[in-house]
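Notes for the one structure printed next.
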Amino acid sequence: MKQVCIFCGSYTGTQPMYAAAAHAMGMGLAQRGLGLVYGGGRVGLMGAVADGTLVGGGKVTGIIPQSLVDRELAHVGLSELHVVASMHQRKALMAEIADAFVAMPGGFGTLDELFEIITWAQLGFHNKPIALLNIGGYFDPLRTFIDHMVTEGFVKPEHRDAVLVKNEVDDLLDTLLTYQPPQLEKWIKKREQL
């Protein structure tokens, strides 16, 4: 594992623990020799995780659409900054170059990125680890809803369980480094296609 993609908010949220955890995540990546892949922004948790990685001496690769560069939201001190034409290209490039994915607190954009990468794993497009950093229980309501989707028969338990959930940065990063992909059964069995 060389690079970890972090999905997180362009705001810092209402609790100081979110920004502190983002900075700690960046430092933790750098300390383990892991590079950061992220959305290229200088604001919110995105900026905090990038700054933490840079302070720790790590490599940071940002991927940002031109429209956000035009709004002066790009981080100018990164190791690499890829400017792309669209959000779709941003997500595709992040998925291509990252070896693992971690969602931290964020809004709709964070959830969009998270669920797309989970869906791609569910469909067998990749077997890279996916994790939630559940700072202060931020993702607890989402986890409850995902359990509801399992109960109602729309998500298989093994697909839910393939998403790692950790409350502490160090625990999450150590788990990623020892990750072994689960053997998931095919998304839809032939008898379910009828």
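Going through the structure tokens in order, the chains are called A, B, and so on, while each chain numbers its residues from 1 and the ligands are numbered from 1 in the order shown.
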Tell me, which residues of chain A carry DSSP alpha helix (DSSP H), written as a PyMOL selection string? chain A and resi 16-31+44-55+66-70+87-97+108-122+140-151+157-161+169-177
Residues within 9 Å of segment 108-121 of chain A, only C-alpha atoms, excluding chain neighbours under 3 positions, as a list in words: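 Close residues of segment 108-121 of chain A: Phe7, Cys8, Gly9, Ser10, Lys91, Ala95, Phe101, Val102, Ala103, Met104, Pro105, Gly124, Phe125, His126, Asn127, Lys128, Pro129, Ile130, His159, Ala162 and Val163 of chain A.
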From segment 25-193 of chain A, collect each residue whose DSSP state is strand (DSSP E or B) and return the set as a short mmCIF file (atom, residue, chain, number, x, y, z; two decimals) with C-alpha atoms, in the first residue's frame.
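Written out: out.cif:
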```cif
data_model
loop_
_atom_site.label_atom_id
_atom_site.label_comp_id
_atom_site.auth_asym_id
_atom_site.auth_seq_id
_atom_site.Cartn_x
_atom_site.Cartn_y
_atom_site.Cartn_z
CA GLY A 35 0.85 9.27 0.53
CA LEU A 36 -2.45 11.14 0.59
CA VAL A 37 -4.79 11.29 -2.40
CA TYR A 38 -7.66 13.72 -1.93
CA GLY A 41 -8.88 21.69 -1.66
CA VAL A 60 0.08 14.79 -1.12
CA THR A 61 -1.67 14.34 -4.46
CA GLY A 62 -4.66 16.59 -5.01
CA ILE A 63 -7.22 16.10 -7.77
CA ILE A 64 -9.52 19.04 -8.37
CA PRO A 65 -11.91 20.18 -11.11
CA ALA A 74 -7.14 24.68 -4.68
CA GLU A 80 1.16 17.15 -7.02
CA LEU A 81 -2.05 18.81 -8.20
CA HIS A 82 -4.05 17.31 -11.05
CA VAL A 83 -6.60 19.69 -12.52
CA VAL A 84 -9.41 17.82 -14.28
CA ALA A 100 -7.34 2.34 -0.06
CA PHE A 101 -10.23 4.69 0.74
CA VAL A 102 -11.20 6.36 4.01
CA ALA A 103 -14.27 8.51 4.60
CA ILE A 130 -12.75 1.00 2.34
CA ALA A 131 -13.09 2.44 5.83
CA LEU A 132 -15.01 4.98 7.87
CA LEU A 133 -13.19 7.04 10.49
CA VAL A 163 -16.55 -1.54 5.00
CA LEU A 164 -14.20 -1.18 7.96
CA VAL A 165 -15.23 1.13 10.80
CA LYS A 166 -12.76 2.52 13.31
#
```
Which distance in Å separates atom CA of Glu72 of chain A and atom CA of Leu29 of chain A, to one decimal?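 Taking atom CA of Glu72 of chain A and atom CA of Leu29 of chain A, their separation equals 26.1 Å.
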In terms of only C-alpha atoms, the residue from A:Val150, A:Met1, A:Met87, A:Ala24 at minimal distance from Gln180 of chain A is A:Met1
Computed interatomic separation between atom CA of Thr14 of chain A and atom CA of Val43 of chain A (Å):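 Atom-to-atom, atom CA of Thr14 of chain A to atom CA of Val43 of chain A, that is 14.5 Å.
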Just how far from atom CA of Thr12 of chain A is atom CA of Gly107 of chain A, in Å to one decimal?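 Those two atoms sit 10.6 Å apart.
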Which polymer residues have any atom within 10 Å of an atom of Glu158 of chain A, counting only C-alpha atoms, with same-chain residues fewer than 3 positions away left out, as a PyMOL selection string? chain A and resi 122+150+155+161-163+182-185
